[in-house]
>>> print(open('target_23.cif').read())   # mmCIF, C-alpha atoms
data_start
loop_
_atom_site.label_atom_id
_atom_site.label_comp_id
_atom_site.auth_asym_id
_atom_site.auth_seq_id
_atom_site.Cartn_x
_atom_site.Cartn_y
_atom_site.Cartn_z
CA MET I 246 -3.66 36.88 10.73
CA ALA I 247 -5.42 37.42 7.47
CA ARG I 248 -4.28 39.02 4.27
CA THR I 249 -6.02 39.68 1.00
CA THR I 250 -4.39 40.17 -2.35
CA GLU I 251 -6.15 40.92 -5.54
CA ARG I 252 -7.30 37.40 -6.16
CA THR I 253 -6.51 35.47 -3.05
CA TYR I 254 -8.13 35.18 0.32
CA THR I 255 -5.74 34.00 3.00
CA LEU I 256 -6.30 32.58 6.42
CA ALA I 257 -3.36 31.69 8.64
CA SER I 258 -3.23 30.16 12.06
CA GLY I 259 -0.68 28.61 14.36
CA SER I 260 -3.16 25.93 15.32
CA PRO I 261 -2.79 22.52 13.66
CA ASP I 262 -6.48 21.98 14.32
CA LEU I 263 -7.24 24.40 11.51
CA PHE I 264 -6.61 21.81 8.82
CA ARG I 265 -8.56 19.12 10.59
CA THR I 266 -11.54 21.38 11.06
CA ALA I 267 -11.28 22.63 7.49
CA LEU I 268 -11.27 19.17 5.96
CA MET I 269 -13.95 17.78 8.19
CA SER I 270 -16.25 20.64 7.31
CA LEU I 271 -15.58 20.92 3.57
CA PRO I 272 -18.70 22.25 1.86
CA GLN I 273 -20.77 19.72 -0.02
CA GLN I 274 -19.80 21.28 -3.31
CA PRO I 275 -18.39 19.58 -6.39
CA VAL I 276 -14.66 19.64 -6.96
CA TYR I 277 -13.21 18.41 -10.24
CA HIS I 278 -9.71 17.95 -8.91
CA ALA I 279 -8.51 17.03 -5.47
CA ASN I 280 -5.00 16.44 -4.29
CA ALA I 281 -3.87 16.11 -0.70
CA GLU I 282 -0.92 14.67 1.14
CA PHE I 283 -0.99 13.28 4.66
CA HIS I 284 1.88 12.09 6.83
CA ALA I 285 1.60 9.58 9.66
CA ASP I 286 1.85 11.50 12.93
CA GLY I 287 2.75 14.57 10.90
CA LEU I 288 6.29 13.34 10.25
CA SER I 289 7.34 14.68 6.88
CA PRO I 290 9.81 12.52 4.91
CA ASN I 291 11.40 15.65 3.48
CA VAL I 292 14.55 16.26 5.49
CA ARG I 293 17.60 18.29 4.53
CA SER I 294 20.50 16.80 6.45
CA THR I 295 21.76 13.39 7.47
CA GLU I 296 21.24 14.32 11.09
CA GLN I 297 17.61 15.21 10.41
CA GLN I 298 17.20 11.95 8.51
CA VAL I 299 18.56 9.89 11.39
CA ASN I 300 16.29 11.70 13.84
CA LEU I 301 13.31 11.20 11.56
CA GLU I 302 13.98 7.48 11.17
CA ARG I 303 14.29 7.03 14.93
CA ARG I 304 10.94 8.69 15.42
CA LEU I 305 9.38 6.62 12.64
CA GLU I 306 10.69 3.47 14.29
CA ARG I 307 9.19 4.43 17.65
CA LYS I 308 5.88 5.26 16.05
CA ASN I 309 5.64 2.07 13.99
CA ILE I 310 5.74 3.82 10.63
CA ILE I 311 7.27 2.27 7.48
CA PRO I 312 9.86 4.84 6.45
CA TYR I 313 9.22 6.57 3.12
CA SER I 314 6.31 4.33 2.20
CA HIS I 315 3.70 6.04 0.08
CA ILE I 316 0.32 5.13 -1.35
CA THR I 317 -2.10 7.08 -3.49
CA MET I 318 -5.84 6.73 -3.14
CA THR I 319 -8.57 7.95 -5.42
CA CYS I 320 -12.27 8.55 -5.14
CA GLU I 321 -14.00 6.50 -7.81
CA MET I 322 -17.37 6.75 -9.40
CA GLY I 323 -19.82 4.66 -7.44
CA LEU I 324 -17.24 3.45 -4.98
CA GLY I 325 -16.05 6.37 -2.93
CA PHE I 326 -12.46 5.97 -1.86
CA THR I 327 -11.00 2.72 -3.10
CA THR I 328 -8.05 0.57 -2.24
CA PRO I 329 -4.81 2.02 -3.61
CA GLN I 330 -3.63 0.72 -6.94
CA SER I 331 0.03 0.75 -6.04
CA GLY I 332 2.29 1.11 -3.10
CA ILE I 333 5.43 3.12 -3.54
CA TYR I 334 8.36 2.34 -1.36
CA ASP I 335 10.96 5.00 -1.84
CA GLY I 336 14.54 3.77 -2.28
CA ARG I 337 15.29 5.31 1.09
CA LEU I 338 13.27 2.47 2.63
CA LEU I 339 16.22 0.14 2.11
CA ARG I 340 18.84 2.74 2.88
CA CYS I 341 17.55 3.74 6.28
CA HIS I 342 20.29 4.71 8.69
CA THR I 343 18.46 2.72 11.32
CA ASN I 344 18.26 -0.25 8.93
CA ALA I 345 14.62 -0.65 9.80
CA GLY I 346 12.87 -0.12 6.50
CA LEU I 347 12.14 -3.60 5.25
CA THR I 348 11.76 -4.95 8.77
CA LYS I 349 9.10 -2.38 9.51
CA LEU I 350 7.37 -3.14 6.24
CA LEU I 351 7.19 -6.84 7.08
CA SER I 352 6.19 -6.34 10.68
CA GLY I 353 3.20 -4.28 9.71
CA GLY I 354 3.89 -0.64 10.29
CA ARG I 355 1.75 2.19 9.11
CA ILE I 356 2.18 3.84 5.72
CA HIS I 357 4.25 7.02 5.99
CA THR I 358 2.60 9.15 3.30
CA ILE I 359 -0.93 8.87 2.00
CA GLU I 360 -1.82 10.91 -1.04
CA ILE I 361 -5.23 11.57 -2.46
CA SER I 362 -5.39 12.38 -6.12
CA SER I 363 -8.61 12.50 -8.10
CA THR I 364 -9.39 14.30 -11.32
CA TYR I 365 -12.75 14.09 -13.04
CA GLU I 366 -13.97 14.63 -16.56
CA LEU I 367 -16.27 17.46 -17.50
CA ASP I 368 -19.90 16.73 -16.64
CA SER I 369 -18.86 13.76 -14.55
CA PRO I 370 -21.16 13.15 -11.62
CA VAL I 371 -18.15 12.19 -9.58
CA PRO I 372 -17.15 15.63 -8.26
CA ILE I 373 -20.02 15.70 -5.82
CA GLU I 374 -19.23 12.13 -4.78
CA PHE I 375 -15.85 13.28 -3.66
CA ALA I 376 -17.37 15.96 -1.46
CA LYS I 377 -19.72 13.42 0.06
CA ALA I 378 -17.14 10.73 0.61
CA ALA I 379 -14.32 12.96 1.79
CA PRO I 380 -15.38 13.76 5.38
CA GLU I 381 -15.61 10.11 6.40
CA PHE I 382 -12.33 9.33 4.69
CA PHE I 383 -10.60 12.27 6.34
CA ARG I 384 -12.04 11.22 9.69
CA HIS I 385 -10.47 7.78 9.30
CA LEU I 386 -7.17 9.40 8.37
CA PHE I 387 -7.16 11.67 11.40
CA GLU I 388 -8.21 8.85 13.71
CA ALA I 389 -5.31 6.78 12.38
CA GLY I 390 -2.94 9.59 13.32
CA TYR I 391 -2.38 11.17 9.91
CA GLU I 392 -1.90 14.92 9.57
CA LEU I 393 -2.41 16.99 6.48
CA GLU I 394 0.72 18.38 4.85
CA ARG I 395 -0.95 20.09 1.92
CA ALA I 396 -4.14 19.98 -0.13
CA LYS I 397 -5.54 21.54 -3.24
CA PHE I 398 -9.13 21.40 -4.41
CA ALA I 399 -10.47 22.87 -7.64
CA ALA I 400 -14.09 23.84 -7.31
CA GLU I 401 -16.60 23.25 -10.06
CA VAL I 402 -17.72 26.76 -10.97
CA TYR I 403 -21.12 25.96 -12.43
CA GLU I 404 -23.09 23.01 -13.71
CA GLY I 405 -22.13 21.98 -17.21
CA GLN I 406 -19.26 24.39 -17.55
CA GLU I 407 -17.60 23.92 -20.91
CA SER I 408 -14.05 24.34 -19.77
CA ARG I 409 -12.14 24.67 -16.59
CA THR I 410 -9.74 27.39 -17.54
CA ASN I 411 -11.20 29.83 -15.05
CA VAL I 412 -10.24 27.87 -12.04
CA CYS I 413 -11.24 28.49 -8.51
CA THR I 414 -8.99 26.66 -6.13
CA ILE I 415 -8.71 26.08 -2.43
CA ASP I 416 -5.20 25.50 -1.12
CA LEU I 417 -4.07 24.34 2.28
CA GLY I 418 -0.40 24.36 3.14
CA LYS I 419 2.10 24.75 5.93
CA ILE I 420 4.73 27.46 5.98
CA ASP I 421 7.10 27.13 8.91
CA SER I 422 4.78 26.61 11.85
CA GLN I 423 1.83 28.41 10.32
CA TYR I 424 -1.18 26.71 8.76
CA HIS I 425 -2.51 28.55 5.73
CA ILE I 426 -5.67 28.31 3.69
CA TYR I 427 -5.99 30.20 0.42
CA LEU I 428 -8.91 30.76 -1.88
CA HIS I 429 -7.60 31.55 -5.35
CA GLY I 430 -9.49 32.86 -8.33
CA PHE I 431 -12.76 33.55 -6.60
CA ARG I 432 -12.69 37.15 -7.66
CA SER I 433 -11.74 36.54 -11.25
CA ILE I 434 -14.62 34.17 -11.77
CA HIS I 435 -16.89 36.29 -9.64
CA SER I 436 -19.49 36.65 -12.32
CA HIS I 437 -19.37 33.02 -13.41
CA MET I 438 -19.58 30.99 -10.28
CA GLN I 439 -23.02 29.95 -9.24
CA PRO I 440 -23.90 32.16 -6.27
CA GLU I 441 -24.86 29.30 -3.96
CA ARG I 442 -21.59 27.58 -4.64
CA LYS I 443 -19.57 30.66 -3.99
CA ALA I 444 -21.56 31.31 -0.82
CA ALA I 445 -20.88 27.79 0.40
CA TRP I 446 -17.13 28.18 0.02
CA PHE I 447 -17.12 31.62 1.59
CA ASP I 448 -19.27 30.44 4.49
CA TRP I 449 -16.82 27.63 5.09
CA PHE I 450 -13.92 30.05 4.98
CA LYS I 451 -15.63 32.58 7.26
CA SER I 452 -16.47 29.89 9.76
CA LEU I 453 -12.83 28.88 9.93
CA GLU I 454 -11.83 32.50 10.20
CA GLY I 455 -14.11 32.93 13.17
CA GLN I 456 -12.74 29.88 14.92
CA TYR I 457 -9.07 30.45 14.27
CA LYS I 458 -8.72 34.21 14.57
CA GLY I 459 -7.71 34.62 10.99
CA GLY I 460 -9.45 37.08 8.87
CA MET I 461 -11.04 37.22 5.51
CA LYS I 462 -11.22 40.68 4.09
CA ASN I 463 -13.41 41.83 1.32
CA ASP I 464 -11.27 42.07 -1.77
CA THR I 465 -13.24 44.85 -3.40
CA MET C 48 11.69 -38.24 -19.21
CA THR C 49 11.24 -37.03 -15.65
CA LEU C 50 11.31 -38.78 -12.32
CA GLU C 51 8.84 -37.08 -10.05
CA ARG C 52 8.97 -37.50 -6.30
CA THR C 53 6.45 -36.12 -3.82
CA ILE C 54 6.29 -35.53 -0.08
CA GLN C 55 2.79 -35.21 1.33
CA PRO C 56 1.08 -33.54 3.01
CA GLY C 57 2.46 -30.09 2.38
CA SER C 58 2.93 -27.80 5.36
CA HIS C 59 4.70 -24.64 6.34
CA GLU C 60 7.11 -26.64 8.48
CA LEU C 61 8.05 -28.87 5.56
CA TYR C 62 8.46 -25.99 3.13
CA PHE C 63 10.40 -23.83 5.58
CA GLU C 64 12.82 -26.64 6.34
CA ALA C 65 13.09 -27.45 2.64
CA LEU C 66 14.04 -23.88 1.81
CA LYS C 67 16.46 -23.69 4.74
CA THR C 68 18.29 -26.91 3.90
CA MET C 69 18.21 -27.15 0.12
CA PRO C 70 21.51 -27.29 -1.79
CA LEU C 71 22.51 -23.78 -2.60
CA ALA C 72 24.97 -22.03 -4.78
CA ALA C 73 28.15 -23.77 -3.70
CA ASP C 74 29.80 -25.36 -6.73
CA GLY C 75 26.89 -24.32 -8.90
CA TYR C 76 24.43 -26.75 -7.32
CA ALA C 77 21.66 -24.21 -7.28
CA TYR C 78 18.31 -23.60 -8.73
CA GLU C 79 18.34 -20.76 -11.16
CA SER C 80 15.32 -18.70 -10.23
CA GLY C 81 11.95 -18.95 -8.63
CA ASP C 82 9.10 -17.50 -6.67
CA ALA C 83 8.09 -18.14 -3.08
CA PHE C 84 4.73 -17.34 -1.56
CA PHE C 85 3.94 -16.45 2.05
CA LEU C 86 0.79 -15.92 4.10
CA ALA C 87 0.72 -13.93 7.33
CA ASP C 88 0.13 -16.50 10.11
CA GLY C 89 -0.74 -18.90 7.30
CA PHE C 90 -4.15 -17.30 7.57
CA ASP C 91 -6.38 -17.45 4.54
CA TYR C 92 -10.04 -17.58 3.88
CA PRO C 93 -11.48 -19.24 0.79
CA ALA C 94 -13.32 -16.78 -1.44
CA GLU C 95 -16.44 -18.95 -1.38
CA GLU C 96 -16.62 -18.40 2.38
CA LEU C 97 -16.61 -14.63 2.00
CA ARG C 98 -19.98 -14.19 0.38
CA THR C 99 -22.15 -12.84 3.14
CA THR C 100 -21.67 -9.62 5.04
CA GLU C 101 -21.43 -11.61 8.25
CA GLN C 102 -18.63 -13.77 6.83
CA LYS C 103 -16.76 -10.70 5.64
CA LYS C 104 -17.11 -9.06 9.05
CA ARG C 105 -15.71 -12.12 10.78
CA PHE C 106 -12.85 -12.24 8.32
CA MET C 107 -12.03 -8.55 8.82
CA ALA C 108 -12.21 -8.90 12.59
CA GLU C 109 -9.85 -11.86 12.55
CA CYS C 110 -7.42 -9.98 10.32
CA LYS C 111 -7.49 -7.02 12.68
CA ARG C 112 -6.87 -9.29 15.66
CA ARG C 113 -3.84 -10.70 13.89
CA ASN C 114 -2.56 -7.27 12.77
CA ILE C 115 -3.10 -8.16 9.12
CA ILE C 116 -4.43 -5.80 6.46
CA SER C 117 -7.08 -7.98 4.88
CA ARG C 118 -6.35 -9.10 1.31
CA SER C 119 -3.28 -6.87 1.15
CA GLN C 120 -0.37 -8.02 -0.95
CA LEU C 121 3.30 -7.22 -1.30
CA PHE C 122 5.65 -8.39 -4.05
CA LEU C 123 9.36 -8.35 -3.33
CA GLU C 124 11.89 -8.55 -6.14
CA TYR C 125 15.64 -8.70 -6.04
CA ASP C 126 17.18 -5.63 -7.57
CA SER C 127 20.99 -5.59 -7.77
CA HIS C 128 21.65 -5.55 -4.03
CA ASN C 129 18.49 -6.22 -2.06
CA TYR C 130 14.87 -7.30 -2.13
CA PHE C 131 12.74 -4.37 -3.00
CA PRO C 132 8.97 -3.88 -3.00
CA LYS C 133 7.49 -3.95 -6.46
CA LEU C 134 4.72 -1.59 -7.49
CA VAL C 135 1.53 -3.60 -7.28
CA PRO C 136 -1.88 -2.84 -5.83
CA GLU C 137 -1.83 -2.96 -2.05
CA VAL C 138 -5.15 -4.72 -2.28
CA PRO C 139 -6.56 -6.14 -5.51
CA ASP C 140 -9.08 -3.80 -7.06
CA MET C 141 -12.42 -4.83 -5.65
CA ALA C 142 -14.22 -3.50 -8.72
CA ASN C 143 -12.44 -6.14 -10.79
CA GLU C 144 -13.07 -8.88 -8.30
CA TYR C 145 -16.69 -8.49 -7.47
CA ASP C 146 -19.76 -8.10 -9.53
CA MET C 147 -20.21 -4.35 -9.92
CA ASP C 148 -23.87 -4.53 -8.87
CA ASP C 149 -22.82 -6.13 -5.61
CA VAL C 150 -20.29 -3.39 -5.05
CA MET C 151 -22.84 -0.68 -5.68
CA ARG C 152 -25.39 -2.31 -3.43
CA GLU C 153 -23.05 -2.98 -0.59
CA PHE C 154 -20.81 0.03 -0.52
CA LEU C 155 -22.96 2.91 -1.59
CA PRO C 156 -23.88 5.46 -0.59
CA PHE C 157 -20.35 6.58 0.00
CA LYS C 158 -19.35 4.12 2.65
CA LEU C 159 -15.66 3.87 3.23
CA HIS C 160 -14.63 0.41 2.26
CA SER C 161 -13.46 -1.50 5.29
CA GLU C 162 -10.24 -2.50 3.56
CA VAL C 163 -9.39 1.15 2.97
CA ALA C 164 -9.83 1.79 6.67
CA ALA C 165 -7.68 -1.25 7.43
CA ILE C 166 -4.84 0.12 5.30
CA LEU C 167 -4.90 3.39 7.19
CA GLY C 168 -4.58 1.54 10.48
CA GLY C 169 -1.48 -0.31 9.31
CA GLY C 170 -0.65 -3.97 9.71
CA ARG C 171 1.11 -6.86 8.05
CA LYS C 172 0.45 -7.73 4.44
CA GLN C 173 -1.68 -10.81 4.16
CA PHE C 174 0.12 -12.17 1.10
CA ILE C 175 3.76 -11.80 0.08
CA ARG C 176 5.36 -13.05 -3.10
CA VAL C 177 9.13 -13.07 -3.37
CA THR C 178 10.71 -13.31 -6.80
CA ILE C 179 14.12 -14.73 -6.07
CA GLY C 180 16.94 -13.16 -8.02
CA THR C 181 19.10 -15.13 -10.41
CA THR C 182 22.45 -14.39 -8.79
CA GLU C 183 24.17 -16.26 -6.01
CA HIS C 184 23.94 -13.20 -3.81
CA ALA C 185 20.20 -12.97 -4.42
CA ARG C 186 19.66 -16.61 -3.46
CA ARG C 187 21.83 -16.38 -0.36
CA LEU C 188 20.10 -13.21 0.71
CA PHE C 189 16.72 -14.86 0.31
CA HIS C 190 17.55 -18.11 2.11
CA HIS C 191 19.76 -16.71 4.86
CA SER C 192 18.25 -13.31 5.54
CA LEU C 193 14.81 -12.63 4.08
CA LEU C 194 13.31 -16.08 4.68
CA PRO C 195 14.15 -16.16 8.43
CA GLU C 196 12.95 -12.60 8.79
CA LEU C 197 9.63 -13.38 7.13
CA VAL C 198 9.12 -16.40 9.37
CA ASN C 199 10.16 -14.35 12.38
CA LYS C 200 7.42 -11.89 11.52
CA GLY C 201 4.83 -14.62 11.50
CA TYR C 202 4.71 -15.43 7.80
CA GLN C 203 4.31 -19.03 6.73
CA VAL C 204 5.52 -20.52 3.48
CA ASP C 205 2.46 -21.14 1.35
CA GLY C 206 4.25 -22.35 -1.76
CA ALA C 207 7.20 -22.00 -4.10
CA THR C 208 8.34 -22.82 -7.60
CA LEU C 209 12.08 -23.12 -8.23
CA HIS C 210 13.69 -23.91 -11.57
CA LEU C 211 16.80 -26.06 -11.66
CA PHE C 212 19.92 -25.56 -13.70
CA ALA C 213 20.77 -28.64 -15.74
CA HIS C 214 24.40 -28.52 -14.70
CA ALA C 215 26.86 -26.47 -12.71
CA GLY C 216 27.18 -23.06 -14.29
CA GLY C 217 24.26 -23.85 -16.56
CA THR C 218 22.42 -21.16 -18.43
CA ASN C 219 19.07 -22.69 -19.30
CA PRO C 220 16.92 -22.20 -16.23
CA THR C 221 14.23 -24.78 -16.83
CA GLU C 222 16.24 -27.52 -18.43
CA GLY C 223 17.10 -29.24 -15.17
CA GLY C 224 13.60 -29.53 -13.82
CA VAL C 225 11.60 -27.93 -11.05
CA ILE C 226 10.98 -27.98 -7.31
CA TYR C 227 7.39 -27.30 -6.48
CA MET C 228 5.74 -26.55 -3.13
CA GLY C 229 2.01 -26.12 -2.98
CA SER C 230 -1.29 -27.79 -2.28
CA ASP C 231 0.02 -31.12 -3.60
CA GLY C 232 2.95 -31.17 -1.25
CA LEU C 233 6.65 -30.89 -2.05
CA LYS C 234 7.64 -32.21 -5.46
CA LEU C 235 11.06 -32.70 -6.95
CA VAL C 236 10.75 -33.03 -10.71
CA PRO C 237 14.22 -33.40 -12.24
CA THR C 238 14.75 -33.96 -15.95
CA GLU C 239 17.18 -36.35 -17.60
CA HIS C 240 19.27 -33.30 -18.43
CA LEU C 241 20.06 -32.66 -14.78
CA HIS C 242 23.71 -33.38 -14.16
CA PRO C 243 24.10 -36.58 -12.07
CA GLU C 244 26.13 -34.81 -9.37
CA ILE C 245 23.51 -32.12 -8.95
CA SER C 246 20.73 -34.67 -9.10
CA LYS C 247 22.40 -36.64 -6.31
CA LYS C 248 22.61 -33.54 -4.11
CA TYR C 249 18.95 -32.70 -4.52
CA GLU C 250 17.80 -36.29 -4.09
CA SER C 251 19.75 -36.60 -0.88
CA TRP C 252 18.17 -33.41 0.38
CA PHE C 253 14.74 -34.61 -0.69
CA LEU C 254 15.05 -38.04 0.94
CA THR C 255 16.09 -36.50 4.26
CA LEU C 256 12.93 -34.41 4.18
CA ALA C 257 10.84 -37.39 3.11
CA ASP C 258 12.05 -39.44 6.08
CA LYS C 259 10.84 -36.74 8.40
CA TYR C 260 7.66 -35.47 6.77
CA HIS C 261 6.21 -37.95 4.28
CA LYS C 262 3.00 -39.52 5.55
CA GLY C 263 1.76 -41.03 2.30
CA ASP C 264 2.42 -44.42 0.70
#
>>> encode(input="target_23.cif", output="structure tokens")
Amino acid sequence: MARTTERTYTLASGSPDLFRTALMSLPQQPVYHANAEFHADGLSPNVRSTEQQVNLERRLERKNIIPYSHITMTCEMGLGFTTPQSGIYDGRLLRCHTNAGLTKLLSGGRIHTIEISSTYELDSPVPIEFAKAAPEFFRHLFEAGYELERAKFAAEVYEGQESRTNVCTIDLGKIDSQYHIYLHGFRSIHSHMQPERKAAWFDWFKSLEGQYKGGMKNDT
Amino acid sequence: MTLERTIQPGSHELYFEALKTMPLAADGYAYESGDAFFLADGFDYPAEELRTTEQKKRFMAECKRRNIISRSQLFLEYDSHNYFPKLVPEVPDMANEYDMDDVMREFLPFKLHSEVAAILGGGRKQFIRVTIGTTEHARRLFHHSLLPELVNKGYQVDGATLHLFAHAGGTNPTEGGVIYMGSDGLKLVPTEHLHPEISKKYESWFLTLADKYHKGD
């Protein structure tokens, strides 16, 4: 179902394929900030009870995932996505109820959470590099069994913009079993965003809407 | 004045047995601190043999076959109760390692670096460094628990540097000398400050190993 508020376009679907399709088809438009979080086999480390934790760790063990391991990757100028500069192994790794944390780390499991976090300076040529490099990177992530938990992209509104206070963001997130995509701020910067850029983002959104039975309504 | 003894050639078997059998904390006959280095399957590839694309491809393929993330590294440090991963790059930054022009030429336009893909697929770290804690518990945990587990997972001892206390209950970590494992073999380098009782323990340990492994003069 689709819903439109004053400044937000919303697309929701019960299909997990929505996020995959959305990321693989991101428009080739510059973004000055990108942040996304993926979990191996879609298993979120955020659990509320001991029972949920034990169940999670059993599933991680079966699926050869290092519990609570986390790396952050960035898209660098001239390099595309680079090797992560640090690995973070949450303290829970050594306090697993199944006692499998360090063992799984040494035996070569997969990383539990992979985060992408890139922010670029004004006038940097990097934003378009991210858009170009992202589809292949996302493809590798999906092929390796990672699923998107959440993502946020801030679109570059126009070439040489002097500030980024009027932001236009694209958010992807899960609420219960629904997969949501939001476009924020597109109306408020309506007169500032370069028309071809805005069209590219809307075309992307409309295409997803058509495939996943959501709906994008005109906000005027 | 030091009396240096050496067992050659060095090997994983020698180093593993040395670490398993060395005098430990009982009665204070222990080294104070140290680092130990491990390689998955003992597999390494000299940098000078990784210059061409073909060489790199072969290296990556071999790593994949062995379930190793190429050039990945993990540092483990003792922290109050257990060995814990330290925050270091999973893989050394290639931009710092290679000539930037080479990077640009090889990896652009926007090719996903093969090591990034390897990380996503999972696998063992190629290189592990363990910084052994300074407490008795830390040493016991390393020798009796972590070391066998590393070897069980296919890691081979590539080297180690261990600093000796001068005397039981000593406080100066380097005063007593050093045990070194590396490309030159296993070396015991005690100083004249090392307490005779401790020295005797380590020499006995060393001579047992020498009888079994030393192939030199």
>>> residues_around(input="target_23.cif", residues="range 113-120 of chain C", least_positions_apart="3", cutoff="6 Å", atoms="only C-alpha atoms", output="list in words")
Cys110, Glu137, Val138, Ala165, Gly170, Arg171, Lys172, Gln173, Phe174 and Ile175 of chain C
>>> residues_around(input="target_23.cif", residues="Thr266 in chain I", least_positions_apart="5", cutoff="10 Å", atoms="only C-alpha atoms", output="PyMOL selection string")
chain I and resi 261+271+452-453+456-457
>>> closest_residue(input="target_23.cif", among="C:Ser192, C:Thr178, C:Ser230, C:Thr68", to="chain I", atoms="all atoms listed in the file")
C:Ser192
>>> residues_around(input="target_23.cif", residues="Asn291 in chain I", least_positions_apart="4", cutoff="10 Å", atoms="only C-alpha atoms", output="MDAnalysis selection string")
chainID I and resid 297:298 301 313
>>> atom_distance(input="target_23.cif", atom1="CA of Ala279 in chain I", atom2="CA of Ser362 in chain I")
5.6 Å
>>> interface_residues(input="target_23.cif", of="chain C", to="chain I", cutoff="6 Å", atoms="all atoms listed in the file", output="list in words")
Leu134, Val135, Pro136, Glu137, Phe157, Val163, Gly168, Gly169, Gly170, Arg171 and Lys200 of chain C
>>> closest_residue(input="target_23.cif", among="C:Val204, C:Glu183, C:Glu239, C:Asp231", to="Leu71 in chain C", atoms="all atoms listed in the file")
C:Glu183
>>> closest_residue(input="target_23.cif", among="C:Lys103, C:Met69, C:Phe85, C:Ile54", to="Tyr249 in chain C", atoms="only C-alpha atoms")
C:Met69
>>> resolve_selection(input="target_23.cif", expression="the PyMOL selection byres ((chain C and resi 51) around 10)", output="list in words")
Met48, Thr49, Leu50, Arg52, Thr53, Gly224, Val225, Ile226, Lys234, Leu235, Val236, Pro237 and Thr238 of chain C
>>> atom_distance(input="target_23.cif", atom1="CA of Arg304 in chain I", atom2="CA of His284 in chain I")
12.9 Å
>>> resolve_selection(input="target_23.cif", expression="the PyMOL selection byres ((chain I and resi 364) around 9)", output="MDAnalysis selection string")
chainID I and resid 276:280 319:320 362:363 365:366 372
>>> write_last_selection(input="target_23.cif", atoms="C-alpha atoms", output="mmCIF file, keeping the file's coordinate frame")
data_model
loop_
_atom_site.group_PDB
_atom_site.id
_atom_site.type_symbol
_atom_site.label_atom_id
_atom_site.label_comp_id
_atom_site.auth_asym_id
_atom_site.auth_seq_id
_atom_site.Cartn_x
_atom_site.Cartn_y
_atom_site.Cartn_z
ATOM 1 C CA VAL I 276 -14.660 19.640 -6.960
ATOM 2 C CA TYR I 277 -13.210 18.410 -10.240
ATOM 3 C CA HIS I 278 -9.710 17.950 -8.910
ATOM 4 C CA ALA I 279 -8.510 17.030 -5.470
ATOM 5 C CA ASN I 280 -5.000 16.440 -4.290
ATOM 6 C CA THR I 319 -8.570 7.950 -5.420
ATOM 7 C CA CYS I 320 -12.270 8.550 -5.140
ATOM 8 C CA SER I 362 -5.390 12.380 -6.120
ATOM 9 C CA SER I 363 -8.610 12.500 -8.100
ATOM 10 C CA TYR I 365 -12.750 14.090 -13.040
ATOM 11 C CA GLU I 366 -13.970 14.630 -16.560
ATOM 12 C CA PRO I 372 -17.150 15.630 -8.260
#
>>> resolve_selection(input="target_23.cif", expression="the PyMOL selection byres ((chain C and resi 56-63) around 8)", output="PDB file with C-alpha atoms, in the coordinates of the input")
ATOM      1  CA  ILE C  54       6.290 -35.530  -0.080  1.00  0.00           C
ATOM      2  CA  GLN C  55       2.790 -35.210   1.330  1.00  0.00           C
ATOM      3  CA  GLU C  64      12.820 -26.640   6.340  1.00  0.00           C
ATOM      4  CA  ALA C  65      13.090 -27.450   2.640  1.00  0.00           C
ATOM      5  CA  LEU C  66      14.040 -23.880   1.810  1.00  0.00           C
ATOM      6  CA  LYS C  67      16.460 -23.690   4.740  1.00  0.00           C
ATOM      7  CA  GLY C  89      -0.740 -18.900   7.300  1.00  0.00           C
ATOM      8  CA  GLN C 203       4.310 -19.030   6.730  1.00  0.00           C
ATOM      9  CA  VAL C 204       5.520 -20.520   3.480  1.00  0.00           C
ATOM     10  CA  ASP C 205       2.460 -21.140   1.350  1.00  0.00           C
ATOM     11  CA  GLY C 206       4.250 -22.350  -1.760  1.00  0.00           C
ATOM     12  CA  MET C 228       5.740 -26.550  -3.130  1.00  0.00           C
ATOM     13  CA  GLY C 229       2.010 -26.120  -2.980  1.00  0.00           C
ATOM     14  CA  SER C 230      -1.290 -27.790  -2.280  1.00  0.00           C
ATOM     15  CA  ASP C 231       0.020 -31.120  -3.600  1.00  0.00           C
ATOM     16  CA  GLY C 232       2.950 -31.170  -1.250  1.00  0.00           C
ATOM     17  CA  LEU C 233       6.650 -30.890  -2.050  1.00  0.00           C
ATOM     18  CA  LEU C 256      12.930 -34.410   4.180  1.00  0.00           C
ATOM     19  CA  TYR C 260       7.660 -35.470   6.770  1.00  0.00           C
ATOM     20  CA  HIS C 261       6.210 -37.950   4.280  1.00  0.00           C
ATOM     21  CA  LYS C 262       3.000 -39.520   5.550  1.00  0.00           C
ATOM     22  CA  GLY C 263       1.760 -41.030   2.300  1.00  0.00           C
TER      23      GLY C 263
END
>>> closest_residue(input="target_23.cif", among="C:Arg112, C:Pro132, C:Thr99, C:Glu124", to="Gly346 in chain I", atoms="only C-alpha atoms")
C:Pro132
>>> atom_distance(input="target_23.cif", atom1="CA of Ile426 in chain I", atom2="CA of Glu454 in chain I")
9.9 Å
>>> residues_around(input="target_23.cif", residues="Phe431 in chain I", least_positions_apart="5", cutoff="9 Å", atoms="all atoms listed in the file", output="PDB file with C-alpha atoms, in the coordinates of the input")
ATOM      1  CA  ARG I 252      -7.300  37.400  -6.160  1.00  0.00           C
ATOM      2  CA  THR I 253      -6.510  35.470  -3.050  1.00  0.00           C
ATOM      3  CA  TYR I 254      -8.130  35.180   0.320  1.00  0.00           C
ATOM      4  CA  VAL I 412     -10.240  27.870 -12.040  1.00  0.00           C
ATOM      5  CA  CYS I 413     -11.240  28.490  -8.510  1.00  0.00           C
ATOM      6  CA  THR I 414      -8.990  26.660  -6.130  1.00  0.00           C
ATOM      7  CA  MET I 438     -19.580  30.990 -10.280  1.00  0.00           C
ATOM      8  CA  LYS I 443     -19.570  30.660  -3.990  1.00  0.00           C
TER       9      LYS I 443
END
